[in-house]
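Next up, my_file39.cif (mmCIF, C-alpha atoms):
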data_protein
#
loop_
_atom_site.label_atom_id
_atom_site.label_comp_id
_atom_site.auth_asym_id
_atom_site.auth_seq_id
_atom_site.Cartn_x
_atom_site.Cartn_y
_atom_site.Cartn_z
CA ASN G 1 0.39 31.01 -13.44
CA ALA G 2 -0.06 28.18 -10.96
CA GLY G 3 0.19 25.52 -13.71
CA VAL G 4 -0.84 22.08 -12.49
CA THR G 5 -1.71 21.90 -8.79
CA GLN G 6 -2.01 18.63 -6.90
CA THR G 7 -3.28 18.13 -3.36
CA PRO G 8 -2.42 16.71 -0.93
CA LYS G 9 1.37 16.39 -1.14
CA PHE G 10 1.42 13.42 1.24
CA GLN G 11 -1.24 10.98 2.40
CA VAL G 12 -1.29 7.83 4.53
CA LEU G 13 -4.27 5.52 4.27
CA LYS G 14 -5.26 2.24 5.86
CA THR G 15 -6.21 -0.68 3.63
CA GLY G 16 -9.83 -0.35 2.55
CA GLN G 17 -10.11 3.40 3.02
CA SER G 18 -11.14 5.65 0.18
CA MET G 19 -9.83 9.04 -0.86
CA THR G 20 -9.63 11.49 -3.73
CA LEU G 21 -6.44 12.99 -5.11
CA GLN G 22 -7.12 16.44 -6.48
CA CYS G 23 -5.67 17.92 -9.66
CA ALA G 24 -6.39 21.35 -11.11
CA GLN G 25 -4.84 23.27 -13.99
CA ASP G 26 -5.28 26.91 -14.98
CA MET G 27 -3.87 26.73 -18.50
CA ASN G 28 -7.14 25.82 -20.25
CA HIS G 29 -5.62 22.50 -21.30
CA GLU G 30 -7.99 20.00 -22.83
CA TYR G 31 -5.87 16.94 -22.12
CA MET G 32 -5.30 15.75 -18.54
CA SER G 33 -3.86 12.50 -17.25
CA TRP G 34 -2.83 10.62 -14.12
CA TYR G 35 0.38 8.61 -13.77
CA ARG G 36 1.85 6.58 -10.99
CA GLN G 37 5.60 6.44 -10.46
CA ASP G 38 7.18 3.35 -8.95
CA PRO G 39 10.89 2.56 -8.55
CA GLY G 40 12.40 1.00 -11.69
CA MET G 41 9.13 1.26 -13.62
CA GLY G 42 9.04 4.84 -14.79
CA LEU G 43 5.63 6.45 -15.10
CA ARG G 44 2.59 4.37 -15.92
CA LEU G 45 -0.61 5.92 -17.24
CA ILE G 46 -3.68 5.29 -15.06
CA HIS G 47 -6.45 7.31 -16.72
CA TYR G 48 -6.66 10.23 -19.08
CA SER G 49 -9.18 12.72 -20.43
CA VAL G 50 -9.27 14.60 -23.73
CA GLY G 51 -11.90 17.05 -22.54
CA ALA G 52 -14.72 17.70 -20.09
CA GLY G 53 -17.05 14.72 -19.90
CA ILE G 54 -14.60 12.35 -21.62
CA THR G 55 -12.33 9.90 -19.81
CA ASP G 56 -10.50 6.74 -20.83
CA GLN G 57 -8.35 4.06 -19.26
CA GLY G 58 -4.60 3.92 -19.45
CA GLU G 59 -2.17 1.10 -18.77
CA VAL G 60 -3.03 0.49 -15.08
CA PRO G 61 -6.63 1.64 -14.39
CA ASN G 62 -7.76 -1.04 -11.92
CA GLY G 63 -8.66 0.31 -8.48
CA TYR G 64 -8.98 3.91 -9.68
CA ASN G 65 -11.87 6.04 -10.92
CA VAL G 66 -11.82 9.46 -12.56
CA SER G 67 -14.30 12.04 -13.77
CA ARG G 68 -13.94 15.29 -15.71
CA SER G 69 -16.85 17.61 -15.03
CA THR G 70 -14.86 20.78 -15.83
CA THR G 71 -11.86 21.60 -18.01
CA GLU G 72 -9.84 22.63 -14.95
CA ASP G 73 -10.27 19.65 -12.61
CA PHE G 74 -9.46 15.96 -12.93
CA PRO G 75 -9.74 14.13 -9.58
CA LEU G 76 -8.50 10.58 -9.07
CA ARG G 77 -10.49 8.38 -6.68
CA LEU G 78 -9.28 5.33 -4.82
CA LEU G 79 -12.41 3.46 -3.76
CA SER G 80 -10.78 0.87 -1.49
CA ALA G 81 -7.07 1.46 -1.00
CA ALA G 82 -4.64 -1.45 -1.18
CA PRO G 83 -0.92 -1.61 -0.25
CA SER G 84 -0.14 -2.12 -3.97
CA GLN G 85 -1.36 1.43 -4.54
CA THR G 86 1.48 2.86 -2.47
CA SER G 87 3.19 5.11 -5.00
CA VAL G 88 3.82 8.66 -6.09
CA TYR G 89 1.00 10.00 -8.25
CA PHE G 90 1.44 12.69 -10.88
CA CYS G 91 -1.19 14.66 -12.72
CA ALA G 92 -0.22 16.10 -16.11
CA SER G 93 -1.93 18.25 -18.72
CA SER G 94 -1.33 19.57 -22.21
CA TYR G 95 -3.03 21.58 -24.88
CA SER G 96 -5.10 19.07 -26.86
CA ASP G 97 -3.28 15.73 -26.66
CA ARG G 98 -0.03 17.02 -28.07
CA PRO G 99 3.20 17.37 -26.14
CA PRO G 100 4.69 18.71 -24.05
CA LEU G 101 3.04 17.51 -20.89
CA HIS G 102 3.01 19.83 -17.86
CA PHE G 103 3.31 17.98 -14.57
CA GLY G 104 2.17 18.72 -11.04
CA ASN G 105 4.54 18.18 -8.10
CA GLY G 106 3.05 14.84 -7.15
CA THR G 107 1.21 13.20 -4.26
CA ARG G 108 3.08 10.59 -2.22
CA LEU G 109 0.56 7.98 -1.06
CA THR G 110 1.28 5.25 1.47
CA VAL G 111 -1.26 2.49 2.12
CA THR G 112 -0.67 0.44 5.26
CA GLY P 1 3.22 -1.89 -27.81
CA ASP P 2 5.65 0.97 -27.81
CA SER P 3 8.42 0.97 -25.22
CA VAL P 4 11.40 2.97 -24.01
CA THR P 5 14.59 1.52 -22.57
CA GLN P 6 17.20 3.57 -20.76
CA MET P 7 20.11 2.89 -18.43
CA GLU P 8 18.73 2.90 -14.93
CA GLY P 9 21.79 3.99 -13.04
CA PRO P 10 22.42 5.46 -10.62
CA VAL P 11 25.07 7.41 -12.46
CA THR P 12 27.62 9.23 -10.31
CA LEU P 13 29.96 11.77 -11.90
CA SER P 14 32.35 14.44 -10.77
CA GLU P 15 31.62 18.06 -11.63
CA GLU P 16 32.70 19.01 -15.19
CA ALA P 17 32.63 15.37 -16.37
CA PHE P 18 30.98 14.35 -19.65
CA LEU P 19 27.52 12.81 -19.38
CA THR P 20 25.82 10.28 -21.62
CA ILE P 21 22.52 8.61 -20.74
CA ASN P 22 21.47 6.04 -23.31
CA CYS P 23 17.89 5.75 -24.51
CA THR P 24 16.46 3.41 -27.15
CA TYR P 25 12.87 2.92 -28.19
CA THR P 26 10.50 0.67 -30.08
CA ALA P 27 7.48 2.19 -31.78
CA THR P 28 4.86 1.25 -34.33
CA GLY P 29 4.82 4.63 -35.98
CA TYR P 30 7.04 7.66 -36.12
CA PRO P 31 7.11 9.02 -32.59
CA SER P 32 8.22 12.29 -31.11
CA LEU P 33 10.97 11.86 -28.51
CA PHE P 34 11.53 13.69 -25.26
CA TRP P 35 13.79 14.00 -22.27
CA TYR P 36 12.18 15.05 -19.01
CA VAL P 37 14.02 15.93 -15.78
CA GLN P 38 12.74 15.50 -12.22
CA TYR P 39 14.44 17.43 -9.44
CA PRO P 40 13.98 16.21 -5.85
CA GLY P 41 10.45 16.75 -4.57
CA GLU P 42 9.18 18.11 -7.86
CA GLY P 43 7.23 16.95 -10.89
CA LEU P 44 8.75 16.25 -14.29
CA GLN P 45 9.83 19.13 -16.48
CA LEU P 46 10.43 18.98 -20.21
CA LEU P 47 14.16 19.26 -20.88
CA LEU P 48 14.27 18.86 -24.67
CA LYS P 49 12.46 17.23 -27.56
CA ALA P 50 12.82 16.13 -31.19
CA THR P 51 10.00 15.39 -33.59
CA LYS P 52 11.71 13.89 -36.65
CA ALA P 53 14.79 11.95 -37.69
CA ASP P 54 18.12 13.78 -37.32
CA ASP P 55 16.51 16.56 -35.28
CA LYS P 56 18.70 17.68 -32.39
CA GLY P 57 16.98 18.90 -29.24
CA SER P 58 19.00 21.09 -26.90
CA ASN P 59 18.49 23.00 -23.66
CA LYS P 60 20.65 24.08 -20.70
CA GLY P 61 23.75 22.51 -22.29
CA PHE P 62 22.04 19.14 -22.80
CA GLU P 63 21.64 17.68 -26.29
CA ALA P 64 20.02 14.64 -27.86
CA THR P 65 19.73 13.63 -31.52
CA TYR P 66 16.84 11.60 -32.96
CA ARG P 67 18.47 8.61 -34.65
CA LYS P 68 15.86 6.63 -36.56
CA GLU P 69 18.34 4.08 -37.92
CA THR P 70 19.39 3.04 -34.41
CA THR P 71 16.06 3.96 -32.73
CA SER P 72 17.98 5.97 -30.16
CA PHE P 73 17.83 9.35 -28.42
CA HIS P 74 20.87 9.52 -26.14
CA LEU P 75 21.20 12.47 -23.77
CA GLU P 76 24.59 14.20 -23.55
CA LYS P 77 26.16 17.11 -21.73
CA GLY P 78 29.76 18.17 -22.06
CA SER P 79 30.32 19.40 -18.51
CA VAL P 80 27.89 18.54 -15.72
CA GLN P 81 27.29 20.64 -12.62
CA VAL P 82 26.14 19.70 -9.13
CA SER P 83 22.81 21.37 -9.96
CA ASP P 84 22.24 18.77 -12.71
CA SER P 85 21.69 16.08 -10.07
CA ALA P 86 18.20 14.74 -10.80
CA VAL P 87 16.33 11.85 -12.37
CA TYR P 88 16.16 11.92 -16.18
CA PHE P 89 13.34 10.24 -18.12
CA CYS P 90 13.34 9.41 -21.80
CA ALA P 91 9.85 9.33 -23.33
CA LEU P 92 8.07 8.96 -26.63
CA SER P 93 4.71 10.07 -27.96
CA ASP P 94 3.27 8.13 -30.87
CA LEU P 95 -0.07 9.87 -31.19
CA ASP P 96 -0.68 9.02 -34.86
CA TYR P 97 -1.02 5.42 -33.70
CA GLY P 98 -3.17 6.27 -30.70
CA GLN P 99 -0.26 5.97 -28.29
CA ASN P 100 -0.02 8.32 -25.39
CA PHE P 101 3.26 9.12 -23.73
CA VAL P 102 5.45 6.16 -22.84
CA PHE P 103 8.21 6.77 -20.32
CA GLY P 104 11.43 4.93 -19.61
CA PRO P 105 12.25 3.88 -16.02
CA GLY P 106 14.36 6.98 -15.33
CA THR P 107 18.09 7.41 -14.66
CA ARG P 108 19.24 8.96 -11.42
CA LEU P 109 22.26 11.24 -11.84
CA SER P 110 24.37 12.41 -8.92
CA VAL P 111 27.09 14.97 -9.57
CA LEU P 112 29.73 15.35 -6.87
CA PRO P 113 31.66 18.61 -6.29
#
Please lay out the structure from this file as structure tokens.
Amino acid sequence: NAGVTQTPKFQVLKTGQSMTLQCAQDMNHEYMSWYRQDPGMGLRLIHYSVGAGITDQGEVPNGYNVSRSTTEDFPLRLLSAAPSQTSVYFCASSYSDRPPLHFGNGTRLTVT
Amino acid sequence: GDSVTQMEGPVTLSEEAFLTINCTYTATGYPSLFWYVQYPGEGLQLLLKATKADDKGSNKGFEATYRKETTSFHLEKGSVQVSDSAVYFCALSDLDYGQNFVFGPGTRLSVLP
């Protein structure tokens, strides 16, 4: 099993550029979520989805969009990157919305 | 809202030393509690969990007991190894009150040979 797969592993963007962080899981999990990890702040929830066609905002949603057209995929879009979005991004999934969460290996994003 | 507080470290220990990483929480309801571990360059992995008061979660020599009276879930290991060097996150899930996972800031552990 591949589990949760995130691409790319690293990305550098200029301010104002857009990009999509990809996340796919092969465990038939209904629940998927995006976190950002910043030093001293732990993981903060950006957006989450409890199933295909359903998304909701987390703690820090501004500047990010998501969609969930299939059970397997949950891409995160940055429409106009800002230096404050420099972070490590983790995608996580679970069966229904119950623990445990399964995490991908992360995408390290730098915005200059 | 719900929150998790843990010692931020870094914590540096010699091999075979005793480890304690403190974790306390505040929650509206009756959350489940977790410890996750993150090895360099990887995502978080579930280390152990406890779902009700006085439950003890254990895995790979690590233990933590759900203490409702002190709202704590401290992580302990009797004898750490170099391979235990990682970042450890305490987390809660309070789903009955509509609360997704809440993570602490993480504690970096370095174990020296």
- Query: Could you pull the residues within 12 Å of Ala52 (chain G), counting all atoms listed in the file, minus those fewer than 2 positions along the same chain, as JSON, numbers by chain?
  - Reply: {"G": [28, 29, 30, 31, 32, 48, 49, 50, 54, 55, 56, 66, 67, 68, 69, 70, 71, 72, 73, 74, 96]}
Give me a file of those residues, with C-alpha atoms, as a tab-separated table (two decimals), in the coordinates of the input.
chain	number	residue	atom	x	y	z
G	28	ASN	CA	-7.14	25.82	-20.25
G	29	HIS	CA	-5.62	22.50	-21.30
G	30	GLU	CA	-7.99	20.00	-22.83
G	31	TYR	CA	-5.87	16.94	-22.12
G	32	MET	CA	-5.30	15.75	-18.54
G	48	TYR	CA	-6.66	10.23	-19.08
G	49	SER	CA	-9.18	12.72	-20.43
G	50	VAL	CA	-9.27	14.60	-23.73
G	54	ILE	CA	-14.60	12.35	-21.62
G	55	THR	CA	-12.33	9.90	-19.81
G	56	ASP	CA	-10.50	6.74	-20.83
G	66	VAL	CA	-11.82	9.46	-12.56
G	67	SER	CA	-14.30	12.04	-13.77
G	68	ARG	CA	-13.94	15.29	-15.71
G	69	SER	CA	-16.85	17.61	-15.03
G	70	THR	CA	-14.86	20.78	-15.83
G	71	THR	CA	-11.86	21.60	-18.01
G	72	GLU	CA	-9.84	22.63	-14.95
G	73	ASP	CA	-10.27	19.65	-12.61
G	74	PHE	CA	-9.46	15.96	-12.93
G	96	SER	CA	-5.10	19.07	-26.86
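With all atoms listed in the file as the atoms that count, the residue of P:Ala27, P:Ala50, P:Ala17, P:Val102 with the shortest distance to chain G is P:Val102.
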- Task: With a cut-off of 9 Å and counting only C-alpha atoms, select all residues of chain G in contact with chain P and give the selection as an NGL selection string.
- Result: :G and (38-45 or 58 or 90-91 or 97-106)
Could you take the residues named above and write them with C-alpha atoms, as a PDB file, in the frame of the given file?
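Final output, result31.pdb:
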ATOM      1  CA  ASP G  38       7.180   3.350  -8.950  1.00  0.00           C
ATOM      2  CA  PRO G  39      10.890   2.560  -8.550  1.00  0.00           C
ATOM      3  CA  GLY G  40      12.400   1.000 -11.690  1.00  0.00           C
ATOM      4  CA  MET G  41       9.130   1.260 -13.620  1.00  0.00           C
ATOM      5  CA  GLY G  42       9.040   4.840 -14.790  1.00  0.00           C
ATOM      6  CA  LEU G  43       5.630   6.450 -15.100  1.00  0.00           C
ATOM      7  CA  ARG G  44       2.590   4.370 -15.920  1.00  0.00           C
ATOM      8  CA  LEU G  45      -0.610   5.920 -17.240  1.00  0.00           C
ATOM      9  CA  GLY G  58      -4.600   3.920 -19.450  1.00  0.00           C
ATOM     10  CA  PHE G  90       1.440  12.690 -10.880  1.00  0.00           C
ATOM     11  CA  CYS G  91      -1.190  14.660 -12.720  1.00  0.00           C
ATOM     12  CA  ASP G  97      -3.280  15.730 -26.660  1.00  0.00           C
ATOM     13  CA  ARG G  98      -0.030  17.020 -28.070  1.00  0.00           C
ATOM     14  CA  PRO G  99       3.200  17.370 -26.140  1.00  0.00           C
ATOM     15  CA  PRO G 100       4.690  18.710 -24.050  1.00  0.00           C
ATOM     16  CA  LEU G 101       3.040  17.510 -20.890  1.00  0.00           C
ATOM     17  CA  HIS G 102       3.010  19.830 -17.860  1.00  0.00           C
ATOM     18  CA  PHE G 103       3.310  17.980 -14.570  1.00  0.00           C
ATOM     19  CA  GLY G 104       2.170  18.720 -11.040  1.00  0.00           C
ATOM     20  CA  ASN G 105       4.540  18.180  -8.100  1.00  0.00           C
ATOM     21  CA  GLY G 106       3.050  14.840  -7.150  1.00  0.00           C
TER      22      GLY G 106
END
- Task: List the neighbours of Thr20 (chain G) out to 10 Å using only C-alpha atoms; skip same-chain residues closer than 4 positions along the sequence, and give me the result as a PyMOL selection string.
- Result: chain G and resi 7-8+64-66+75-79
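Distances here use all atoms listed in the file; by that measure, the residue among G:Ile46, G:Val111, G:Val60, G:Val4 closest to Ser84 (chain G) is G:Val111.
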- Polymer residues at most 6 Å from (0.1, 8.6, 3.2) by only C-alpha atoms, as a VMD selection string: chain G and resid 10 to 13 109 to 110
Kindly save the residues from that selection, with C-alpha atoms included, as an mmCIF file, in the coordinates of the input.
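New file result-v3.cif:
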data_model
loop_
_atom_site.group_PDB
_atom_site.id
_atom_site.type_symbol
_atom_site.label_atom_id
_atom_site.label_comp_id
_atom_site.auth_asym_id
_atom_site.auth_seq_id
_atom_site.Cartn_x
_atom_site.Cartn_y
_atom_site.Cartn_z
ATOM 1 C CA PHE G 10 1.420 13.420 1.240
ATOM 2 C CA GLN G 11 -1.240 10.980 2.400
ATOM 3 C CA VAL G 12 -1.290 7.830 4.530
ATOM 4 C CA LEU G 13 -4.270 5.520 4.270
ATOM 5 C CA LEU G 109 0.560 7.980 -1.060
ATOM 6 C CA THR G 110 1.280 5.250 1.470
#
- Query: Care to translate the PyMOL selection byres ((chain P and resi 108) around 7) into actual residues of this file, as a list in words?
  - Reply: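 The output of the PyMOL selection byres ((chain P and resi 108) around 7) on this file is Gly9, Pro10, Val11, Ala86, Val87, Tyr88, Gly106, Thr107, Leu109 and Ser110 of chain P.
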Can those selected residues be exported to a file as a short mmCIF file (atom, residue, chain, number, x, y, z; two decimals), in the frame of the given file so that it contains C-alpha atoms?
data_model
loop_
_atom_site.label_atom_id
_atom_site.label_comp_id
_atom_site.auth_asym_id
_atom_site.auth_seq_id
_atom_site.Cartn_x
_atom_site.Cartn_y
_atom_site.Cartn_z
CA GLY P 9 21.79 3.99 -13.04
CA PRO P 10 22.42 5.46 -10.62
CA VAL P 11 25.07 7.41 -12.46
CA ALA P 86 18.20 14.74 -10.80
CA VAL P 87 16.33 11.85 -12.37
CA TYR P 88 16.16 11.92 -16.18
CA GLY P 106 14.36 6.98 -15.33
CA THR P 107 18.09 7.41 -14.66
CA LEU P 109 22.26 11.24 -11.84
CA SER P 110 24.37 12.41 -8.92
#
- Item | Spatial neighbours of region 68-77 of chain P, max dist 6 Å, only C-alpha atoms, sep filter under 4 positions, as a list in words | Phe18, Leu19, Thr20, Ile21, Asn22, Cys23, Thr24, Tyr25, Ala53, Gly61, Phe62, Glu63 and Ala64 of chain P
- Message: Just the number, please: distance in Å from CA of Asn62 (chain G) to CA of Gln37 (chain G), one decimal.
- Response: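 Atom-to-atom, CA of Asn62 (chain G) and CA of Gln37 (chain G) are spaced 15.4 Å apart.
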- Item | Atomic distance CA of Arg36 (chain G) - CA of Ala92 (chain G), expressed in Å with one decimal | 11.0 Å
